[in-house]
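S.K.: Have a peek at start.txt (compact mmCIF, C-alpha atoms and all ligand atoms).
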```txt
# COMPACT_ATOMS: atom_id res chain seq x y z
CA MET S 5 -109.26 -58.17 14.37
CA LYS S 6 -111.41 -59.94 11.79
CA LYS S 7 -114.81 -61.22 12.79
CA ALA S 8 -116.24 -64.49 11.42
CA LEU S 9 -119.70 -66.02 11.74
CA ILE S 10 -120.05 -69.80 11.40
CA THR S 11 -123.34 -71.66 10.98
CA GLY S 12 -122.95 -75.32 11.92
CA ILE S 13 -120.17 -74.55 14.41
CA THR S 14 -121.13 -77.57 16.53
CA GLY S 15 -120.57 -79.97 13.61
CA GLN S 16 -117.40 -81.74 12.48
CA ASP S 17 -116.24 -79.01 10.10
CA GLY S 18 -117.49 -76.10 12.21
CA SER S 19 -115.39 -77.23 15.15
CA TYR S 20 -112.19 -77.52 13.09
CA LEU S 21 -112.86 -74.21 11.35
CA ALA S 22 -113.46 -72.44 14.67
CA GLU S 23 -110.11 -73.79 15.92
CA LEU S 24 -108.36 -72.58 12.77
CA LEU S 25 -109.88 -69.08 12.87
CA LEU S 26 -109.21 -68.63 16.59
CA ALA S 27 -105.58 -69.63 15.99
CA LYS S 28 -105.41 -66.95 13.29
CA GLY S 29 -106.61 -64.31 15.77
CA TYR S 30 -110.22 -64.00 14.58
CA GLU S 31 -113.17 -63.19 16.79
CA VAL S 32 -115.44 -66.16 16.09
CA HIS S 33 -119.22 -66.20 16.40
CA GLY S 34 -121.19 -69.40 16.01
CA ILE S 35 -124.86 -70.16 15.66
CA ILE S 36 -126.09 -73.04 17.80
CA ARG S 37 -129.48 -74.69 18.03
CA ARG S 38 -131.39 -74.95 21.24
CA ALA S 39 -131.61 -78.62 22.20
CA SER S 40 -132.79 -80.45 25.29
CA THR S 41 -129.37 -82.10 25.58
CA PHE S 42 -125.91 -80.56 25.21
CA ASN S 43 -124.88 -80.34 21.55
CA THR S 44 -121.57 -78.50 21.93
CA SER S 45 -119.21 -81.40 22.73
CA ARG S 46 -117.04 -80.74 19.64
CA ILE S 47 -116.34 -77.13 20.68
CA ASP S 48 -116.39 -77.35 24.47
CA HIS S 49 -112.58 -77.26 24.53
CA LEU S 50 -112.66 -73.86 22.78
CA TYR S 51 -115.31 -72.26 24.97
CA ARG S 52 -114.36 -69.77 27.74
CA ASP S 53 -116.54 -68.00 30.27
CA PRO S 54 -117.76 -64.84 28.46
CA HIS S 55 -117.28 -62.82 31.67
CA VAL S 56 -113.52 -63.30 31.43
CA ASN S 57 -111.44 -60.79 29.44
CA GLY S 58 -109.98 -61.77 26.09
CA VAL S 59 -112.72 -64.20 25.08
CA LYS S 60 -112.86 -64.64 21.31
CA LEU S 61 -115.54 -67.29 20.80
CA PHE S 62 -119.18 -66.32 21.13
CA LEU S 63 -122.22 -68.56 20.62
CA HIS S 64 -125.70 -67.36 19.65
CA TYR S 65 -128.94 -69.29 19.46
CA GLY S 66 -130.38 -69.44 15.99
CA ASP S 67 -131.58 -71.71 13.23
CA LEU S 68 -131.25 -71.68 9.47
CA ALA S 69 -135.04 -71.85 9.32
CA ASP S 70 -135.29 -68.48 11.15
CA SER S 71 -134.59 -65.57 8.83
CA VAL S 72 -135.46 -62.83 11.35
CA GLN S 73 -132.79 -64.04 13.76
CA MET S 74 -130.33 -64.23 10.85
CA VAL S 75 -130.92 -60.59 9.88
CA LYS S 76 -130.71 -59.51 13.52
CA LEU S 77 -127.41 -61.30 14.06
CA LEU S 78 -125.85 -59.86 10.92
CA TYR S 79 -126.91 -56.31 11.91
CA GLU S 80 -125.49 -56.75 15.39
CA LEU S 81 -122.27 -58.56 14.52
CA GLN S 82 -121.28 -56.96 11.19
CA PRO S 83 -119.01 -59.92 10.38
CA ASP S 84 -116.22 -59.81 7.79
CA GLU S 85 -116.64 -63.47 6.83
CA ILE S 86 -119.60 -65.87 6.94
CA TYR S 87 -119.14 -69.63 6.64
CA ASN S 88 -122.45 -71.40 5.98
CA LEU S 89 -121.76 -74.94 7.19
CA GLY S 90 -125.08 -75.62 8.91
CA ALA S 91 -127.13 -78.38 7.30
CA GLN S 92 -129.14 -81.54 7.72
CA SER S 93 -126.10 -83.27 6.30
CA HIS S 94 -127.12 -86.95 6.20
CA VAL S 95 -127.95 -88.11 2.67
CA ARG S 96 -129.94 -91.21 3.73
CA VAL S 97 -131.95 -89.16 6.24
CA SER S 98 -132.78 -86.60 3.55
CA PHE S 99 -135.03 -89.24 1.92
CA ASP S 100 -136.99 -89.47 5.20
CA ILE S 101 -137.26 -85.70 5.78
CA PRO S 102 -136.96 -84.15 2.31
CA GLU S 103 -138.95 -81.00 3.05
CA TYR S 104 -136.96 -80.14 6.18
CA THR S 105 -133.70 -80.86 4.33
CA GLY S 106 -134.73 -78.54 1.49
CA ASP S 107 -135.73 -75.85 3.95
CA VAL S 108 -132.49 -75.88 5.94
CA ASP S 109 -129.91 -76.83 3.28
CA GLY S 110 -131.45 -74.96 0.35
CA LEU S 111 -133.56 -72.09 1.66
CA GLY S 112 -131.21 -71.74 4.64
CA ALA S 113 -128.53 -70.43 2.28
CA GLN S 114 -131.10 -68.11 0.71
CA ARG S 115 -131.96 -66.69 4.14
CA ILE S 116 -128.34 -65.83 4.91
CA LEU S 117 -127.72 -64.33 1.47
CA GLU S 118 -130.79 -62.12 1.79
CA ALA S 119 -129.84 -61.23 5.36
CA ILE S 120 -126.48 -60.03 4.02
CA ARG S 121 -128.33 -57.64 1.69
CA GLU S 122 -130.84 -56.62 4.35
CA ALA S 123 -128.06 -55.80 6.81
CA GLY S 124 -126.24 -53.72 4.18
CA LEU S 125 -123.18 -56.00 4.20
CA VAL S 126 -122.88 -56.79 0.48
CA LYS S 127 -119.70 -54.75 0.05
CA LYS S 128 -118.11 -55.77 3.34
CA VAL S 129 -118.77 -59.45 3.87
CA ARG S 130 -117.26 -62.55 2.26
CA TYR S 131 -119.47 -65.65 2.09
CA TYR S 132 -118.55 -69.34 1.97
CA GLN S 133 -121.13 -71.95 0.94
CA ALA S 134 -120.57 -75.59 1.98
CA SER S 135 -121.34 -77.22 -1.36
CA SER S 136 -120.93 -80.93 -1.88
CA SER S 137 -119.75 -83.62 -4.28
CA GLU S 138 -123.25 -85.10 -3.79
CA MET S 139 -124.33 -82.49 -6.38
CA PHE S 140 -122.52 -84.54 -9.08
CA GLY S 141 -124.61 -87.58 -8.14
CA LYS S 142 -125.06 -89.85 -11.12
CA VAL S 143 -121.72 -90.60 -12.71
CA GLN S 144 -121.27 -88.68 -15.94
CA GLN S 145 -117.57 -87.95 -15.91
CA VAL S 146 -114.59 -88.91 -13.74
CA PRO S 147 -112.72 -87.37 -12.12
CA GLN S 148 -115.30 -84.69 -11.33
CA THR S 149 -114.22 -81.06 -11.72
CA GLU S 150 -115.77 -77.60 -11.33
CA THR S 151 -117.26 -77.97 -14.83
CA THR S 152 -118.83 -81.42 -14.43
CA PRO S 153 -122.64 -81.11 -14.75
CA PHE S 154 -124.73 -81.76 -11.65
CA TRP S 155 -127.20 -84.68 -11.42
CA PRO S 156 -128.11 -84.94 -7.74
CA ARG S 157 -129.50 -88.26 -6.51
CA SER S 158 -131.09 -87.28 -3.17
CA PRO S 159 -133.17 -84.50 -1.62
CA TYR S 160 -129.93 -83.48 0.12
CA GLY S 161 -128.09 -83.25 -3.22
CA CYS S 162 -130.95 -81.26 -4.77
CA ALA S 163 -131.00 -78.78 -1.88
CA LYS S 164 -127.24 -78.32 -2.16
CA VAL S 165 -127.53 -77.63 -5.90
CA TYR S 166 -130.08 -74.91 -5.13
CA ALA S 167 -127.76 -73.34 -2.55
CA TYR S 168 -124.81 -73.61 -4.95
CA TRP S 169 -126.58 -71.68 -7.71
CA LEU S 170 -127.90 -69.07 -5.30
CA THR S 171 -124.34 -68.42 -4.20
CA VAL S 172 -123.28 -67.98 -7.83
CA ASN S 173 -126.34 -65.81 -8.46
CA TYR S 174 -125.66 -63.42 -5.58
CA ARG S 175 -122.07 -63.12 -6.80
CA GLU S 176 -123.26 -62.26 -10.31
CA SER S 177 -126.25 -60.11 -9.34
CA TYR S 178 -124.84 -58.07 -6.46
CA ALA S 179 -121.06 -58.54 -6.77
CA LEU S 180 -121.07 -60.29 -3.41
CA HIS S 181 -117.76 -62.00 -2.55
CA ALA S 182 -119.40 -65.45 -2.45
CA SER S 183 -117.62 -68.78 -3.06
CA ASN S 184 -118.63 -72.43 -3.23
CA GLY S 185 -116.32 -75.07 -1.86
CA ILE S 186 -117.36 -78.29 -3.61
CA LEU S 187 -115.99 -80.58 -0.96
CA PHE S 188 -115.77 -84.32 -1.41
CA ASN S 189 -116.29 -86.57 1.64
CA HIS S 190 -114.03 -85.63 4.51
CA GLU S 191 -113.75 -87.47 7.76
CA SER S 192 -112.04 -87.34 11.14
CA PRO S 193 -112.35 -88.60 14.70
CA ARG S 194 -115.07 -85.93 15.04
CA ARG S 195 -117.18 -87.35 12.22
CA GLY S 196 -120.80 -88.08 13.21
CA GLU S 197 -121.19 -91.74 14.16
CA THR S 198 -123.90 -92.49 11.57
CA PHE S 199 -121.67 -91.69 8.57
CA VAL S 200 -120.14 -94.84 7.17
CA THR S 201 -116.45 -94.23 7.96
CA ARG S 202 -116.97 -93.44 11.61
CA LYS S 203 -119.57 -96.18 11.92
CA ILE S 204 -116.91 -98.62 10.71
CA THR S 205 -114.05 -97.35 12.90
CA ARG S 206 -116.27 -97.20 16.00
CA ALA S 207 -117.54 -100.73 15.38
CA ALA S 208 -114.17 -102.28 14.47
CA THR S 209 -112.50 -100.93 17.62
CA ARG S 210 -115.42 -101.95 19.85
CA ILE S 211 -115.38 -105.44 18.29
CA LYS S 212 -111.65 -105.64 18.95
CA LEU S 213 -112.27 -105.00 22.65
CA GLY S 214 -115.25 -107.35 22.89
CA LEU S 215 -117.83 -104.57 23.27
CA GLN S 216 -119.75 -105.42 20.08
CA ASP S 217 -120.25 -108.54 17.92
CA ALA S 218 -121.26 -107.34 14.47
CA LEU S 219 -121.54 -104.33 12.20
CA TYR S 220 -124.56 -103.87 9.91
CA LEU S 221 -123.98 -101.92 6.70
CA GLY S 222 -125.74 -101.27 3.39
CA ASN S 223 -124.06 -100.84 0.01
CA LEU S 224 -120.38 -101.84 0.18
CA ASP S 225 -119.71 -101.08 -3.50
CA ALA S 226 -120.09 -97.29 -3.32
CA GLN S 227 -116.81 -95.50 -3.97
CA ARG S 228 -115.86 -92.24 -2.31
CA ASP S 229 -112.98 -89.76 -2.38
CA TRP S 230 -112.25 -89.53 1.35
CA GLY S 231 -110.06 -86.74 2.76
CA TYR S 232 -109.24 -85.34 6.19
CA ALA S 233 -111.64 -82.72 7.58
CA LYS S 234 -108.98 -80.82 9.52
CA GLU S 235 -107.14 -80.09 6.27
CA TYR S 236 -110.26 -79.27 4.28
CA VAL S 237 -111.37 -76.39 6.53
CA GLU S 238 -108.14 -74.57 5.61
CA MET S 239 -109.50 -74.45 2.08
CA MET S 240 -112.68 -72.73 3.21
CA TRP S 241 -110.60 -69.97 4.77
CA LEU S 242 -108.25 -69.73 1.77
CA MET S 243 -111.18 -69.21 -0.63
CA LEU S 244 -112.30 -66.15 1.32
CA GLN S 245 -108.79 -64.66 1.30
CA GLN S 246 -108.71 -64.45 -2.54
CA ASP S 247 -109.29 -61.13 -4.30
CA ARG S 248 -111.94 -62.76 -6.47
CA PRO S 249 -114.63 -65.16 -5.29
CA ASP S 250 -114.80 -68.48 -7.15
CA ASP S 251 -115.85 -72.14 -6.88
CA TYR S 252 -113.41 -74.93 -6.11
CA VAL S 253 -113.38 -78.72 -5.94
CA VAL S 254 -111.62 -79.96 -2.80
CA ALA S 255 -110.70 -83.63 -3.01
CA THR S 256 -107.77 -86.08 -2.89
CA ASN S 257 -108.15 -87.51 -6.43
CA GLU S 258 -108.23 -91.04 -4.98
CA THR S 259 -111.27 -93.25 -4.62
CA HIS S 260 -112.00 -96.31 -2.47
CA SER S 261 -115.04 -98.46 -1.86
CA VAL S 262 -116.84 -98.87 1.45
CA ARG S 263 -115.61 -102.49 1.31
CA GLN S 264 -111.99 -101.28 1.10
CA PHE S 265 -112.60 -98.96 4.03
CA CYS S 266 -113.81 -101.97 6.08
CA GLU S 267 -110.84 -104.07 4.99
CA THR S 268 -108.35 -101.35 5.96
CA ALA S 269 -109.94 -100.41 9.29
CA PHE S 270 -110.42 -103.99 10.52
CA GLY S 271 -107.00 -104.91 9.07
CA LEU S 272 -105.28 -102.29 11.24
CA LEU S 273 -106.72 -104.15 14.23
CA ASP S 274 -105.70 -107.60 12.88
CA LEU S 275 -109.34 -108.53 12.33
CA ASP S 276 -110.93 -110.14 9.27
CA TRP S 277 -113.77 -107.75 8.38
CA GLN S 278 -115.75 -110.45 6.57
CA ARG S 279 -116.39 -112.26 9.87
CA TYR S 280 -118.14 -109.25 11.39
CA VAL S 281 -119.74 -107.11 8.68
CA LYS S 282 -123.35 -108.04 7.92
CA TYR S 283 -125.87 -106.66 5.46
CA ASP S 284 -128.98 -104.67 6.37
CA ASP S 285 -131.04 -103.16 3.57
CA ARG S 286 -132.27 -100.33 5.80
CA TYR S 287 -128.96 -98.57 5.08
CA GLU S 288 -129.52 -98.62 1.32
CA ARG S 289 -130.71 -95.42 -0.38
CA PRO S 290 -133.58 -95.20 -2.90
CA SER S 291 -131.02 -93.89 -5.37
CA GLU S 292 -127.28 -94.13 -4.80
CA VAL S 293 -124.21 -92.15 -5.84
CA ASP S 294 -121.91 -94.89 -7.10
CA LEU S 295 -118.57 -93.24 -7.73
CA LEU S 296 -116.99 -90.00 -6.58
CA ILE S 297 -113.46 -88.92 -7.33
CA GLY S 298 -112.53 -85.26 -7.45
CA ASP S 299 -109.83 -83.44 -9.35
CA PRO S 300 -108.53 -80.61 -7.16
CA ALA S 301 -106.23 -79.18 -9.89
CA LYS S 302 -107.85 -75.73 -9.78
CA ALA S 303 -107.41 -75.47 -6.01
CA ARG S 304 -103.79 -76.57 -6.38
CA ARG S 305 -103.16 -74.01 -9.12
CA GLN S 306 -105.02 -71.01 -7.68
CA LEU S 307 -104.85 -71.58 -3.95
CA GLY S 308 -101.61 -73.55 -3.73
CA TRP S 309 -103.42 -76.34 -1.84
CA GLU S 310 -102.60 -80.03 -1.79
CA PRO S 311 -104.09 -82.66 0.54
CA LYS S 312 -101.44 -84.33 2.70
CA VAL S 313 -103.42 -86.99 4.56
CA ARG S 314 -104.22 -89.89 2.24
CA PHE S 315 -106.69 -92.77 2.58
CA LYS S 316 -104.56 -95.12 4.73
CA ASP S 317 -103.39 -92.30 7.04
CA LEU S 318 -106.97 -91.15 7.47
CA VAL S 319 -108.25 -94.61 8.40
CA LYS S 320 -105.35 -94.95 10.86
CA ILE S 321 -106.09 -91.58 12.52
CA MET S 322 -109.73 -92.60 12.99
CA VAL S 323 -109.02 -96.15 14.18
CA GLU S 324 -106.43 -94.96 16.72
CA SER S 325 -108.77 -92.34 18.13
CA ASP S 326 -111.74 -94.73 18.36
CA LEU S 327 -109.57 -97.40 19.95
CA GLU S 328 -108.86 -94.97 22.81
CA LEU S 329 -112.60 -94.33 23.15
CA ALA S 330 -113.34 -98.06 23.20
CA LYS S 331 -110.63 -98.64 25.84
CA ARG S 332 -112.24 -96.01 28.07
CA GLU S 333 -115.62 -97.61 27.56
CA ARG S 334 -114.20 -101.00 28.54
CA GLN S 335 -112.55 -99.56 31.64
CA ILE S 336 -115.90 -98.14 32.73
CA ASN S 337 -117.62 -101.46 32.02
CA ASP S 338 -114.93 -103.29 34.03
CA LEU S 339 -115.40 -101.14 37.14
CA PRO S 340 -116.82 -103.22 40.02
CA LYS S 341 -120.57 -102.73 40.31
CA LEU S 342 -121.56 -101.20 43.65
P1 LIG S 401 -122.32 -82.10 10.54
O1 LIG S 401 -123.55 -82.89 10.33
O2 LIG S 401 -121.24 -82.65 11.42
O3 LIG S 401 -122.71 -80.66 11.14
C1 LIG S 401 -123.86 -79.97 10.70
C2 LIG S 401 -124.02 -78.71 11.52
O4 LIG S 401 -125.20 -78.03 11.07
C3 LIG S 401 -124.20 -78.96 13.03
O5 LIG S 401 -123.58 -77.92 13.73
C4 LIG S 401 -125.72 -78.86 13.18
O6 LIG S 401 -126.13 -78.50 14.47
C5 LIG S 401 -126.00 -77.72 12.20
N1 LIG S 401 -127.41 -77.65 11.82
C6 LIG S 401 -128.22 -78.66 11.43
N2 LIG S 401 -129.46 -78.19 11.19
C7 LIG S 401 -129.42 -76.86 11.43
C8 LIG S 401 -130.39 -75.82 11.39
N3 LIG S 401 -131.67 -76.07 11.08
N4 LIG S 401 -130.01 -74.56 11.70
C9 LIG S 401 -128.74 -74.30 12.06
N5 LIG S 401 -127.77 -75.24 12.13
C10 LIG S 401 -128.12 -76.51 11.82
O7 LIG S 401 -121.75 -81.74 9.09
P2 LIG S 401 -120.23 -81.53 8.61
O8 LIG S 401 -119.51 -80.73 9.62
O9 LIG S 401 -119.69 -82.85 8.20
O10 LIG S 401 -120.45 -80.71 7.28
C11 LIG S 401 -120.48 -79.28 7.28
C12 LIG S 401 -121.18 -78.78 6.03
O11 LIG S 401 -120.48 -79.23 4.89
C13 LIG S 401 -122.62 -79.27 5.85
O12 LIG S 401 -123.34 -78.24 5.21
C14 LIG S 401 -122.48 -80.46 4.93
O13 LIG S 401 -123.68 -80.66 4.21
C15 LIG S 401 -121.35 -79.99 4.04
N6 LIG S 401 -120.52 -81.02 3.45
C16 LIG S 401 -119.93 -81.97 4.25
C17 LIG S 401 -119.06 -82.89 3.70
C18 LIG S 401 -118.42 -83.94 4.53
O14 LIG S 401 -117.89 -84.90 3.95
N7 LIG S 401 -118.36 -83.80 5.85
C19 LIG S 401 -118.74 -82.87 2.25
C20 LIG S 401 -119.39 -81.79 1.53
C21 LIG S 401 -120.24 -80.91 2.12
P3 LIG S 401 -126.37 -79.62 15.63
O15 LIG S 401 -125.01 -79.94 16.16
O16 LIG S 401 -127.25 -78.92 16.59
O17 LIG S 401 -127.03 -80.79 14.95
P1 LIG S 402 -122.32 -89.68 1.96
O1 LIG S 402 -121.68 -90.29 3.28
O2 LIG S 402 -123.68 -90.17 1.71
O3 LIG S 402 -121.31 -89.86 0.87
O4 LIG S 402 -122.45 -88.14 2.36
P2 LIG S 402 -122.03 -91.60 4.12
O5 LIG S 402 -120.84 -91.86 4.96
O6 LIG S 402 -123.35 -91.48 4.79
O7 LIG S 402 -122.18 -92.73 2.98
C1 LIG S 402 -121.10 -93.08 2.13
C2 LIG S 402 -121.47 -94.34 1.35
O8 LIG S 402 -121.52 -95.45 2.24
C3 LIG S 402 -122.66 -96.24 1.93
N1 LIG S 402 -123.08 -97.00 3.12
C4 LIG S 402 -123.51 -96.49 4.28
N2 LIG S 402 -123.65 -95.20 4.69
C5 LIG S 402 -124.08 -94.99 5.96
N3 LIG S 402 -124.21 -93.73 6.41
N4 LIG S 402 -124.39 -96.01 6.81
C6 LIG S 402 -124.27 -97.32 6.44
O9 LIG S 402 -124.55 -98.23 7.22
C7 LIG S 402 -123.80 -97.57 5.11
N5 LIG S 402 -123.53 -98.71 4.42
C8 LIG S 402 -123.10 -98.35 3.21
C9 LIG S 402 -123.69 -95.22 1.48
O10 LIG S 402 -124.75 -95.86 0.74
C10 LIG S 402 -122.82 -94.27 0.66
O11 LIG S 402 -122.71 -94.75 -0.64
C11 LIG S 402 -121.42 -87.46 3.08
C12 LIG S 402 -122.10 -86.38 3.96
O12 LIG S 402 -121.12 -85.83 4.81
C13 LIG S 402 -122.70 -85.29 3.10
O13 LIG S 402 -123.14 -84.22 3.95
C14 LIG S 402 -121.61 -84.76 2.15
O14 LIG S 402 -122.13 -83.74 1.33
C15 LIG S 402 -121.06 -85.90 1.31
O15 LIG S 402 -120.52 -86.87 2.18
C16 LIG S 402 -119.96 -85.43 0.37
```
Write out the structure in this file as structure tokens.
M.R.:
Amino acid sequence: MKKALITGITGQDGSYLAELLLAKGYEVHGIIRRASTFNTSRIDHLYRDPHVNGVKLFLHYGDLADSVQMVKLLYELQPDEIYNLGAQSHVRVSFDIPEYTGDVDGLGAQRILEAIREAGLVKKVRYYQASSSEMFGKVQQVPQTETTPFWPRSPYGCAKVYAYWLTVNYRESYALHASNGILFNHESPRRGETFVTRKITRAATRIKLGLQDALYLGNLDAQRDWGYAKEYVEMMWLMLQQDRPDDYVVATNETHSVRQFCETAFGLLDLDWQRYVKYDDRYERPSEVDLLIGDPAKARRQLGWEPKVRFKDLVKIMVESDLELAKRERQINDLPKL
């Protein structure tokens, strides 16, 4: 039985990846952060009482800022595969907390890579780094490919570039099986509610049911290549199953603006988005990434991968799921007050 360690298991991607690996028969270990409130809602359905036989999901407290714990866990667990998905992943927030973002998203990768060496796992382990299309930043070439130069436009993007090159460097220096997935935006009903897609689908469905009046957004002109998170985690796994480690763009090769996302989401609910969407400059970034569109030809060629869920299907999946949530919220609101 293969053993995998996932940082960021409580996040959108971590939860889908844990599901995928458990379905493939892996023993899955995840690092979670201690918080004063529960932060495991995305993986609660996977969790079993560890006292029961046959349990395959194990959670450990840890933090990407804590290298000692990282070394200790790697010694103890001796994993076959490590997926580094943990991050302060919000681009706008990275302008507010740049040092923390650099520490966790940049140095965090360094800590794991060194822990792999320290624990003597260089020959055994395979490492996946959650790299990002945000590294391309300022538009220089479209569609973006594995050879497009990086020009990050945020502390988040800069930290991810650092982690990307470290991953390449450990591959070249120590022959570590280390790969970068350069993933373009991917969304789902589990997407955090402060990212623009989920913010729109949550608001549109709540507006439809009379639970909210307006939606405040920033830049509507930004264009993104939006795919489906559940499909994208398959790519992370596929990269680690190759004989040779490598770096891959994962994208749909389609791009749409935030405005088009609004139009489509509100349209599915027979609402005119222009009546409800209002502007608030607090959601603007000091420097913006205007246009992302990825060419996944290398992934298609070498990994045999093709995205199936396209823009309209994705918006529909998210709207339908959030409509159910909004209906439940309305039912609770409609209960007679005691
Ligand atoms: P989420 O924000 O949903 O999840 C981030 C995860 O990282 C959470 O489990 C979070 O824990 C954890 N985390 C945050 N800070 C720390 C820390 N200091 N130590 C340990 N864990 C920490 O992100 P996604 O699932 O969307 O993304 C997964 C990865 O992929 C991230 O690295 C992201 O930057 C990258 N990425 C994402 C893309 C996307 O479109 N979704 C595209 C390209 C790259 P907690 O739940 O406690 O907050
Ligand atoms: P992004 O995703 O920055 O691309 O990073 P996000 O959904 O936050 O923004 C996409 C675009 O929408 C514009 N925008 C707004 N964004 C947010 N969050 N809130 C708003 O109100 C709003 N209004 C307009 C933004 O300016 C931007 O242009 C995501 C994250 O998952 C990263 O971790 C990941 O690496 C990249 O995708 C690929």
S.K.: I need the residue nearest Trp230 (chain S) from this list: S:Lys7, S:His55, S:Arg314, S:Lys302. Use only C-alpha atoms for the distance.
M.R.: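 The shortest atom-to-atom distance to Trp230 (chain S) comes from S:Arg314.
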S.K.: Do a neighbour search on Gly161 (chain S) at 12 Å with all atoms listed in the file, toss out local chain neighbours closer than 5 positions, and write the hits as JSON, numbers by chain.
M.R.: {"S": [91, 92, 93, 94, 95, 96, 97, 98, 99, 102, 105, 106, 109, 110, 134, 135, 136, 137, 138, 139, 140, 141, 142, 154, 155, 156, 166, 167, 168, 186, 291, 292, 293]}
S.K.: Throw together the list of residues within 6 Å of ligand LIG 401 (chain S), counting all atoms listed in the file, and drop it here as an mmCIF file with C-alpha atoms, in the coordinates of the input.
M.R.:
```cif
data_model
loop_
_atom_site.group_PDB
_atom_site.id
_atom_site.type_symbol
_atom_site.label_atom_id
_atom_site.label_comp_id
_atom_site.auth_asym_id
_atom_site.auth_seq_id
_atom_site.Cartn_x
_atom_site.Cartn_y
_atom_site.Cartn_z
ATOM 1 C CA THR S 11 -123.340 -71.660 10.980
ATOM 2 C CA GLY S 12 -122.950 -75.320 11.920
ATOM 3 C CA ILE S 13 -120.170 -74.550 14.410
ATOM 4 C CA THR S 14 -121.130 -77.570 16.530
ATOM 5 C CA GLY S 15 -120.570 -79.970 13.610
ATOM 6 C CA GLN S 16 -117.400 -81.740 12.480
ATOM 7 C CA ASP S 17 -116.240 -79.010 10.100
ATOM 8 C CA GLY S 18 -117.490 -76.100 12.210
ATOM 9 C CA ARG S 37 -129.480 -74.690 18.030
ATOM 10 C CA ASN S 43 -124.880 -80.340 21.550
ATOM 11 C CA ASP S 67 -131.580 -71.710 13.230
ATOM 12 C CA LEU S 68 -131.250 -71.680 9.470
ATOM 13 C CA ALA S 69 -135.040 -71.850 9.320
ATOM 14 C CA LEU S 89 -121.760 -74.940 7.190
ATOM 15 C CA GLY S 90 -125.080 -75.620 8.910
ATOM 16 C CA ALA S 91 -127.130 -78.380 7.300
ATOM 17 C CA GLN S 92 -129.140 -81.540 7.720
ATOM 18 C CA SER S 93 -126.100 -83.270 6.300
ATOM 19 C CA VAL S 108 -132.490 -75.880 5.940
ATOM 20 C CA ALA S 134 -120.570 -75.590 1.980
ATOM 21 C CA SER S 135 -121.340 -77.220 -1.360
ATOM 22 C CA SER S 136 -120.930 -80.930 -1.880
ATOM 23 C CA LEU S 187 -115.990 -80.580 -0.960
ATOM 24 C CA PHE S 188 -115.770 -84.320 -1.410
ATOM 25 C CA ASN S 189 -116.290 -86.570 1.640
ATOM 26 C CA HIS S 190 -114.030 -85.630 4.510
ATOM 27 C CA GLY S 196 -120.800 -88.080 13.210
#
```
S.K.: Leaving out His49 (chain S) and any residue of its chain fewer than 3 positions from it, which residues lie within 10 Å of it when counting only C-alpha atoms, given as a list of chain:residue names?
M.R.: S:Ser19, S:Glu23, S:Thr44, S:Ser45, S:Arg46, S:Arg52
S.K.: Give me the residues within 9 Å of Gln82 (chain S) as a list in words, counting only C-alpha atoms and dropping any in the same chain fewer than 5 places off.
M.R.: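 My list of contacting residues is Lys7, Leu77, Ala123, Leu125, Lys128 and Val129 of chain S.
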S.K.: Find, counting only C-alpha atoms and all ligand atoms, the residue in S:Leu180, S:Ala255, S:Val32, S:Val172 that gets nearest to ligand LIG 402 (chain S).
M.R.: S:Ala255
S.K.: Return as AutoDock Vina command-line options the centre and edge lengths, in Å with one decimal, of the box along x, y and z that encloses every atom of ligand LIG 402 (chain S) in the file, padded by 5 Å per side.
M.R.:
```
--center_x -122.4 --center_y -91.2 --center_z 3.3 --size_x 14.8 --size_y 25.0 --size_z 17.9
```
S.K.: For Gln245 (chain S), please output as a VMD selection string all residues within 12 Å (counting all atoms listed in the file; exclusion window: fewer than 3 positions along the same chain).
M.R.: chain S and resid 6 84 to 85 129 to 132 181 to 183 238 to 242 248 to 250 306 to 307
S.K.: Enter the distance from atom O15 of ligand LIG 402 (chain S) to CA of Arg38 (chain S), in Å, rounded to one decimal.
M.R.: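 Straight-line distance from atom O15 of ligand LIG 402 (chain S) to CA of Arg38 (chain S) works out to 25.0 Å.
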S.K.: Name the closest residue to Arg332 (chain S) among the candidates S:Lys60, S:Ser177, S:Arg210, S:Leu9; distances are taken between atoms, counting all atoms listed in the file.
M.R.: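 Smallest separation from Arg332 (chain S) among the options: S:Arg210.
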S.K.: Report the distance between CA of Leu219 (chain S) and CA of Leu272 (chain S) in Å, rounded to one decimal place.
M.R.: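 Separation of CA of Leu219 (chain S) and CA of Leu272 (chain S): 16.4 Å.
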S.K.: Using all atoms listed in the file, which residue out of S:Gly29, S:Pro311, S:Gly34, S:Gly58 lies closest to Lys234 (chain S)?
M.R.: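 So, comparing all the options, the nearest one is S:Pro311.
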S.K.: Taking into account all atoms listed in the file, which residue in the set S:Glu103, S:Lys76, S:Arg121, S:Val146 is nearest to Ser158 (chain S)?
M.R.: S:Glu103
S.K.: Interatomic distance between CA of Ala218 (chain S) and CA of Ala269 (chain S)?
M.R.: 14.2 Å
